[in-house]
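Pasting work.cif here (mmCIF, C-alpha atoms):
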data_upload
loop_
_atom_site.label_atom_id
_atom_site.label_comp_id
_atom_site.auth_asym_id
_atom_site.auth_seq_id
_atom_site.Cartn_x
_atom_site.Cartn_y
_atom_site.Cartn_z
CA MET A 68 0.00 0.00 0.00
CA PRO A 69 1.46 3.43 -0.95
CA LYS A 70 2.67 5.76 1.77
CA PHE A 71 1.14 9.19 2.30
CA TRP A 72 2.95 12.46 2.83
CA ILE A 73 2.04 15.75 4.48
CA GLY A 74 5.03 17.96 3.85
CA SER A 75 8.04 15.95 4.98
CA ARG A 76 5.93 13.76 7.27
CA GLU A 77 5.58 10.17 6.07
CA TYR A 78 2.57 8.06 7.04
CA PRO A 79 2.08 4.37 6.25
CA THR A 80 -1.39 5.03 4.81
CA LYS A 81 -3.74 7.88 3.98
CA LYS A 82 -5.88 6.78 6.93
CA ALA A 83 -2.91 7.21 9.28
CA ALA A 84 -2.38 10.74 7.93
CA GLN A 85 -6.06 11.50 8.44
CA GLU A 86 -5.87 10.25 12.03
CA ALA A 87 -2.87 12.51 12.71
CA VAL A 88 -4.87 15.52 11.54
CA ARG A 89 -7.92 14.44 13.55
CA ASP A 90 -5.70 14.23 16.65
CA VAL A 91 -5.00 17.94 16.20
CA LEU A 92 -8.64 18.78 15.47
CA TYR A 93 -9.92 17.06 18.60
CA GLY A 94 -6.93 17.96 20.75
CA TYR A 95 -8.22 21.52 21.20
CA SER A 96 -11.57 22.93 22.25
CA VAL A 97 -13.78 24.78 19.77
CA GLY A 98 -12.60 28.38 19.45
CA SER A 99 -9.05 27.59 20.57
CA VAL A 100 -5.95 28.66 18.67
CA VAL A 101 -3.73 25.78 17.55
CA ASP A 102 -0.74 26.92 19.57
CA ARG A 103 1.58 23.89 19.66
CA GLU A 104 4.35 24.43 17.11
CA GLU A 105 4.30 20.90 15.71
CA ASP A 106 0.52 21.08 15.21
CA HIS A 107 0.71 24.49 13.54
CA LEU A 108 3.42 23.28 11.14
CA LEU A 109 1.41 20.16 10.32
CA LEU A 110 -1.61 22.30 9.40
CA LEU A 111 0.55 24.62 7.27
CA ASP A 112 1.80 21.67 5.25
CA LEU A 113 -1.70 20.20 5.15
CA LEU A 114 -3.14 23.44 3.78
CA ASP A 115 -0.51 23.41 1.03
CA LEU A 116 -2.20 20.23 -0.27
CA HIS A 117 -5.55 21.96 -0.77
CA GLU A 118 -6.46 22.48 -4.43
CA GLU A 119 -7.29 26.11 -3.61
CA ALA A 120 -4.30 26.63 -1.30
CA ASP A 121 -3.39 30.02 -2.80
CA VAL A 122 -6.91 31.30 -2.14
CA LYS A 123 -7.06 29.85 1.37
CA ILE A 124 -3.62 31.15 2.36
CA GLY A 125 -4.07 34.60 0.82
CA VAL A 126 -1.56 37.09 2.21
CA GLY A 127 -0.23 34.51 4.67
CA VAL A 128 -1.25 32.37 7.63
CA GLU A 129 -1.11 33.92 11.08
CA SER A 130 -2.71 31.03 12.95
CA PHE A 131 -5.31 28.28 12.91
CA VAL A 132 -8.34 27.98 15.16
CA ILE A 133 -10.82 25.19 15.79
CA ALA A 134 -14.08 26.33 14.23
CA PRO A 135 -17.57 25.31 15.34
CA PRO A 136 -19.48 22.97 13.02
CA LEU A 137 -20.88 24.54 9.87
CA LYS A 138 -23.10 21.52 9.38
CA GLY A 139 -23.72 18.51 11.57
CA SER A 140 -21.84 18.04 14.82
CA TYR A 141 -18.18 18.02 13.75
CA PRO A 142 -15.78 20.96 14.25
CA GLY A 143 -13.35 22.08 11.57
CA PHE A 144 -10.32 24.27 10.94
CA GLU A 145 -10.28 27.98 10.22
CA VAL A 146 -7.36 30.03 8.93
CA ILE A 147 -6.65 33.44 10.41
CA ARG A 148 -4.59 35.33 7.85
CA THR A 149 -1.93 37.91 8.63
CA ASP A 150 -4.32 40.71 7.62
CA GLY A 151 -6.95 39.49 10.10
CA THR A 152 -9.31 37.93 7.57
CA ARG A 153 -10.55 34.39 8.20
CA ILE A 154 -11.56 31.44 6.04
CA ASP A 155 -12.44 27.83 6.76
CA PHE A 156 -10.99 24.80 4.99
CA SER A 157 -11.79 21.11 4.84
CA TYR A 158 -8.96 18.84 5.94
CA LEU A 159 -10.56 16.02 3.91
CA ALA A 160 -10.21 18.16 0.77
CA CYS A 161 -6.50 18.52 1.56
CA LEU A 162 -6.08 14.74 1.68
CA LYS A 163 -7.40 14.15 -1.82
CA PRO A 164 -4.86 12.95 -4.42
CA PRO A 165 -2.67 15.93 -5.39
CA SER A 166 -3.01 17.62 -8.76
CA TYR A 167 -0.11 17.31 -11.19
CA ARG A 168 0.88 20.90 -10.45
CA GLN A 169 1.04 20.06 -6.74
CA GLN A 170 3.16 17.00 -7.50
CA VAL A 171 5.60 19.08 -9.55
CA SER A 172 5.77 21.74 -6.83
CA SER A 173 6.51 19.05 -4.23
CA ALA A 174 9.25 17.62 -6.45
CA MET A 175 10.69 21.13 -6.81
CA ARG A 176 11.01 21.40 -3.03
CA VAL A 177 12.81 18.05 -2.93
CA GLU A 178 15.16 19.08 -5.76
CA ALA A 179 15.95 22.43 -4.06
CA GLU A 180 16.69 20.94 -0.63
CA CYS A 181 20.42 20.86 -1.40
CA ASN A 182 20.41 24.65 -1.91
CA VAL A 183 18.58 25.23 1.36
CA THR A 184 20.94 22.91 3.22
CA ALA A 185 23.98 24.57 1.65
CA TYR A 186 22.71 28.00 2.75
CA PHE A 187 22.27 26.84 6.34
CA THR A 188 25.69 25.14 6.36
CA ALA A 189 27.38 28.28 5.01
CA ARG A 190 25.76 30.48 7.67
CA ALA A 191 26.80 28.04 10.41
CA ALA A 192 30.38 27.88 9.09
CA ALA A 193 30.55 31.67 9.00
CA ASN A 194 29.29 31.80 12.61
CA THR A 195 26.33 33.95 11.55
CA LEU A 196 23.49 31.95 13.11
CA VAL A 197 21.54 35.06 13.99
CA SER A 198 17.96 35.93 13.16
CA ASP A 199 17.65 38.12 10.08
CA GLU A 200 14.48 39.55 11.62
CA SER A 201 15.45 40.32 15.22
CA GLY A 202 19.25 40.05 15.13
CA ARG A 203 19.19 37.61 18.04
CA THR A 204 21.62 34.70 18.21
CA LEU A 205 19.92 31.45 17.18
CA ASP A 206 20.22 27.99 18.68
CA ILE A 207 21.29 25.61 15.92
CA THR A 208 18.44 23.27 16.92
CA ASP A 209 15.88 26.10 16.68
CA THR A 210 16.80 27.66 13.35
CA HIS A 211 14.62 27.74 10.24
CA VAL A 212 15.62 28.70 6.70
CA SER A 213 12.97 31.09 5.39
CA TYR A 214 12.09 32.78 2.10
CA TYR A 215 12.15 36.01 4.05
CA TRP A 216 13.51 38.74 1.80
CA GLY A 217 12.33 38.08 -1.71
CA PRO A 218 9.96 35.92 -3.74
CA SER A 219 8.13 33.07 -2.04
CA PHE A 220 8.85 29.48 -2.99
CA ALA A 221 5.51 29.38 -4.84
CA GLU A 222 6.49 32.43 -6.90
CA LEU A 223 9.86 30.88 -7.76
CA ALA A 224 8.13 27.65 -8.82
CA VAL A 225 5.55 29.44 -10.99
CA ALA A 226 8.24 31.48 -12.76
CA PHE A 227 10.33 28.40 -13.52
CA ALA A 228 7.34 26.35 -14.69
CA HIS A 229 6.45 29.14 -17.13
CA GLU A 230 10.05 29.20 -18.37
CA ALA A 231 9.99 25.40 -18.82
CA GLY A 232 6.82 25.47 -20.92
CA GLY A 233 4.21 24.91 -18.23
CA TRP A 234 3.63 22.47 -15.36
CA ASP A 235 2.72 19.62 -17.69
CA ALA A 236 6.04 20.01 -19.51
CA ILE A 237 7.94 18.98 -16.36
CA GLU A 238 7.98 15.19 -16.36
CA LEU A 239 8.43 13.40 -13.05
CA THR A 240 9.85 10.00 -12.25
CA THR A 241 7.32 7.33 -11.36
CA SER A 242 6.67 7.11 -7.64
CA SER A 243 4.27 5.06 -5.54
CA ASP A 244 3.96 8.16 -3.36
CA PRO A 245 2.21 10.94 -5.35
CA GLY A 246 4.20 14.13 -5.32
CA ARG A 247 7.42 12.49 -4.12
CA GLY A 248 8.93 11.88 -7.53
CA GLN A 249 11.86 13.78 -8.99
CA PHE A 250 12.43 15.51 -12.30
CA ALA A 251 12.85 12.85 -14.98
CA ASP A 252 15.04 15.26 -16.99
CA ARG A 253 18.10 15.73 -14.81
CA GLN A 254 19.33 18.65 -16.90
CA LEU A 255 16.03 20.38 -16.23
CA ALA A 256 16.46 19.58 -12.54
CA GLU A 257 19.84 21.30 -12.61
CA ARG A 258 18.29 24.31 -14.36
CA TRP A 259 15.68 24.50 -11.59
CA ARG A 260 18.34 24.35 -8.87
CA GLU A 261 20.27 27.12 -10.63
CA HIS A 262 17.07 29.18 -10.95
CA HIS A 263 16.36 28.64 -7.27
CA GLN A 264 19.91 29.51 -6.24
CA GLU A 265 19.88 32.68 -8.34
CA HIS A 266 16.50 34.04 -7.28
CA ALA A 267 15.79 32.67 -3.79
CA LEU A 268 16.71 35.22 -1.11
CA LEU A 269 16.95 33.00 1.95
CA ALA A 270 17.25 34.01 5.58
CA LEU A 271 17.43 32.50 9.05
CA LEU A 272 14.69 32.85 11.66
CA SER A 273 13.86 31.20 14.94
CA SER A 274 11.00 28.70 14.87
CA GLN A 275 8.65 31.18 16.55
CA GLU A 276 9.59 33.98 14.15
CA ASN A 277 9.08 31.62 11.23
CA LEU A 278 5.64 30.64 12.52
CA ARG A 279 4.56 34.29 12.44
CA ARG A 280 5.71 34.81 8.87
CA PRO A 281 3.28 34.46 5.94
CA ARG A 282 3.47 30.99 4.42
CA ARG A 283 6.11 31.24 1.68
#

For the file at hand, write its structure as structure tokens.
Amino acid sequence: MPKFWIGSREYPTKKAAQEAVRDVLYGYSVGSVVDREEDHLLLLDLLDLHEEADVKIGVGVESFVIAPPLKGSYPGFEVIRTDGTRIDFSYLACLKPPSYRQQVSSAMRVEAECNVTAYFTARAAANTLVSDESGRTLDITDTHVSYYWGPSFAELAVAFAHEAGGWDAIELTTSSDPGRGQFADRQLAERWREHHQEHALLALLSSQENLRRPRR
């Protein structure tokens, strides 16, 4: 049976992934803010899987709250955006099979991981593990690489896909885990990494600072 992924989290089945999300949903009372970091990050990655993620995220996610039932007796999730606006989303809709565009975007993240790791390693080697937002010294175990200064990851991906001839022009390797494949054309993969390296303006933040940033 194929595995299921939410961000970098691997689950043995889709049902196991669903149960992990339900644990968050029912781990808080209705009206509560989802304030545990690991739960917040899980919901951020979950929301990325929604077919209307761009619409739901809007200007960026400030927090998630447990919303009262719209119908029936089951609560749900609501996004509070950084501009104060709110919108609900169905976690079941997020767990549907990803579109091809979502699969390509996921593969792009995998292909660009070496650039992100290299950036972190270079900052550590230069002894500059300080927050680019607050200037505070960062603990190496509590440091996040963020798309803080320039274009978001989604904007980088859209620009490259357009350059490559569209999302459908980017062929992926076959994978039993949807969205976990790699670029079939390794020269194109190298072009993407070069594009990412050239245009991504990365930064370091603490985990709490990163949580407050718009999803990028």

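Distance check against Phe220 in chain A using all atoms listed in the file: of A:Ala84, A:Leu269, A:Leu162, A:Val100, the minimum falls on A:Leu269.
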
Which residues of range 196-247 of chain A come within 12 Å of range 175-178 of chain A, and for each one, what is the closest pair of atoms and their distance in Å to one decimal, counting all atoms listed in the file, sorted by chain and residue number, as a tab-separated table?
residue	atom	partner	partner_atom	distance
A:Phe220	CA	A:Arg176	CA	8.4
A:Ala221	CA	A:Arg176	CA	9.9
A:Leu223	CA	A:Met175	CA	9.8
A:Ala224	CA	A:Met175	CA	7.3
A:Val225	CA	A:Met175	CA	10.6
A:Phe227	CA	A:Met175	CA	9.9
A:Ala228	CA	A:Met175	CA	10.0
A:Trp234	CA	A:Met175	CA	11.2
A:Ile237	CA	A:Met175	CA	10.2
A:Glu238	CA	A:Met175	CA	11.6
A:Leu239	CA	A:Met175	CA	10.2
A:Gly246	CA	A:Met175	CA	9.7
A:Arg247	CA	A:Val177	CA	7.8

* Find the residues around Ser201 in chain A up to 12 Å (all atoms listed in the file counted), leave out those fewer than 4 positions away in its own chain, and share them as a ChimeraX atom specification. => /A:196-197,205,270-273,275-277

* To do: Could you expand the PyMOL selection byres ((chain A and resi 278) around 12) into the explicit residues it covers here, written as number ranges by chain?
  => A: 101-111, 127-131, 149, 209-213, 215, 272-277, 279-283

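Non-sequential neighbours of Cys181 in chain A (distance at most 12 Å, separation of 5 or more positions within a chain, all atoms listed in the file) are Met175, Arg176, Tyr186, Phe187, Thr188, Ala256, Glu257, Trp259, Arg260, Glu261, His263 and Gln264 of chain A.
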
* Atomic separation - CA of Thr208 in chain A relative to CA of Leu116 in chain A, Å -> 27.0 Å

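With distances taken over all atoms listed in the file, A:Phe144 is the one residue among A:Tyr167, A:Tyr78, A:Phe144, A:Phe250 lying closest to Ser99 in chain A.
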
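The coordinates place CA of Ile154 in chain A at 22.7 Å from CA of Glu86 in chain A.
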
Produce the centre coordinates and the three edge lengths, each in Å to one decimal, of the box along x, y and z that contains all listed atoms of range 207-221 of chain A with 8 Å added on each side, as AutoDock Vina command-line options.
--center_x 13.4 --center_y 31.0 --center_z 6.0 --size_x 31.8 --size_y 31.5 --size_z 37.8

* Looking at A:Tyr141, A:His229, A:Gly125, A:Ile73, which one is nearest to Tyr93 in chain A, with distances taken over only C-alpha atoms? -> A:Tyr141

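Using only C-alpha atoms for every distance, the candidate list A:Trp72, A:Ile133, A:Leu114, A:Glu77 yields A:Ile133 as the residue closest to Ser96 in chain A.
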
* **Between CA of Ile147 in chain A and CA of Pro164 in chain A - distance in Å to one decimal** => 25.4 Å

* Extract, using only C-alpha atoms, all DNA, RNA and protein residues at most 7 Å from Pro79 in chain A, discarding same-chain residues fewer than 3 positions from it, and format them as a PyMOL selection string. => chain A and resi 70-71+83

* Take the PyMOL selection byres ((chain A and resi 163) around 10), apply it to the structure above, and return the hits as a PyMOL selection string. => chain A and resi 81+116-118+158-162+164-166

Output file request: range 207-238 of chain A, with N, CA and C atoms, as a short mmCIF file (atom, residue, chain, number, x, y, z; two decimals), in the first residue's frame.
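What follows is the written file decode-v9.cif:
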data_model
loop_
_atom_site.label_atom_id
_atom_site.label_comp_id
_atom_site.auth_asym_id
_atom_site.auth_seq_id
_atom_site.Cartn_x
_atom_site.Cartn_y
_atom_site.Cartn_z
N ILE A 207 21.23 26.39 17.16
CA ILE A 207 21.29 25.61 15.92
C ILE A 207 20.14 24.62 15.80
N THR A 208 19.56 24.22 16.94
CA THR A 208 18.44 23.27 16.92
C THR A 208 17.10 23.99 16.77
N ASP A 209 17.12 25.32 16.76
CA ASP A 209 15.88 26.10 16.68
C ASP A 209 16.01 27.16 15.59
N THR A 210 16.55 26.74 14.45
CA THR A 210 16.80 27.66 13.35
C THR A 210 16.09 27.18 12.09
N HIS A 211 15.35 28.07 11.45
CA HIS A 211 14.62 27.74 10.24
C HIS A 211 15.13 28.59 9.08
N VAL A 212 15.29 27.96 7.92
CA VAL A 212 15.62 28.70 6.70
C VAL A 212 14.30 29.18 6.10
N SER A 213 14.22 30.47 5.85
CA SER A 213 12.97 31.09 5.39
C SER A 213 13.18 31.86 4.09
N TYR A 214 12.11 31.91 3.29
CA TYR A 214 12.09 32.78 2.10
C TYR A 214 11.62 34.15 2.59
N TYR A 215 12.51 34.82 3.27
CA TYR A 215 12.15 36.01 4.05
C TYR A 215 12.22 37.30 3.24
N TRP A 216 13.24 37.45 2.44
CA TRP A 216 13.51 38.74 1.80
C TRP A 216 12.80 38.94 0.47
N GLY A 217 12.79 37.90 -0.34
CA GLY A 217 12.33 38.08 -1.71
C GLY A 217 11.12 37.25 -2.08
N PRO A 218 11.12 36.69 -3.28
CA PRO A 218 9.96 35.92 -3.74
C PRO A 218 9.73 34.67 -2.89
N SER A 219 8.47 34.30 -2.75
CA SER A 219 8.13 33.07 -2.04
C SER A 219 8.53 31.86 -2.88
N PHE A 220 8.55 30.70 -2.24
CA PHE A 220 8.85 29.48 -2.99
C PHE A 220 7.84 29.29 -4.11
N ALA A 221 6.56 29.55 -3.83
CA ALA A 221 5.51 29.38 -4.84
C ALA A 221 5.77 30.28 -6.05
N GLU A 222 6.21 31.50 -5.80
CA GLU A 222 6.49 32.43 -6.90
C GLU A 222 7.69 31.96 -7.71
N LEU A 223 8.71 31.44 -7.05
CA LEU A 223 9.86 30.88 -7.76
C LEU A 223 9.44 29.71 -8.64
N ALA A 224 8.58 28.84 -8.09
CA ALA A 224 8.13 27.65 -8.82
C ALA A 224 7.30 28.04 -10.04
N VAL A 225 6.40 29.00 -9.88
CA VAL A 225 5.55 29.44 -10.99
C VAL A 225 6.41 30.03 -12.11
N ALA A 226 7.38 30.85 -11.75
CA ALA A 226 8.24 31.48 -12.76
C ALA A 226 9.02 30.43 -13.53
N PHE A 227 9.55 29.43 -12.83
CA PHE A 227 10.33 28.40 -13.52
C PHE A 227 9.44 27.52 -14.38
N ALA A 228 8.26 27.17 -13.90
CA ALA A 228 7.34 26.35 -14.69
C ALA A 228 6.98 27.06 -15.98
N HIS A 229 6.75 28.36 -15.92
CA HIS A 229 6.45 29.14 -17.13
C HIS A 229 7.63 29.10 -18.09
N GLU A 230 8.83 29.23 -17.55
CA GLU A 230 10.05 29.20 -18.37
C GLU A 230 10.23 27.83 -19.02
N ALA A 231 9.81 26.77 -18.32
CA ALA A 231 9.99 25.40 -18.82
C ALA A 231 8.89 24.97 -19.78
N GLY A 232 7.89 25.82 -20.00
CA GLY A 232 6.82 25.47 -20.92
C GLY A 232 5.53 25.04 -20.26
N GLY A 233 5.43 25.26 -18.95
CA GLY A 233 4.21 24.91 -18.23
C GLY A 233 4.42 23.72 -17.30
N TRP A 234 3.52 23.56 -16.34
CA TRP A 234 3.63 22.47 -15.36
C TRP A 234 3.65 21.11 -16.02
N ASP A 235 2.81 20.93 -17.04
CA ASP A 235 2.72 19.62 -17.69
C ASP A 235 3.97 19.26 -18.47
N ALA A 236 4.81 20.27 -18.76
CA ALA A 236 6.04 20.01 -19.51
C ALA A 236 7.14 19.45 -18.62
N ILE A 237 6.94 19.47 -17.30
CA ILE A 237 7.94 18.98 -16.36
C ILE A 237 7.58 17.54 -15.99
N GLU A 238 8.27 16.60 -16.59
CA GLU A 238 7.98 15.19 -16.36
C GLU A 238 8.65 14.72 -15.06
#
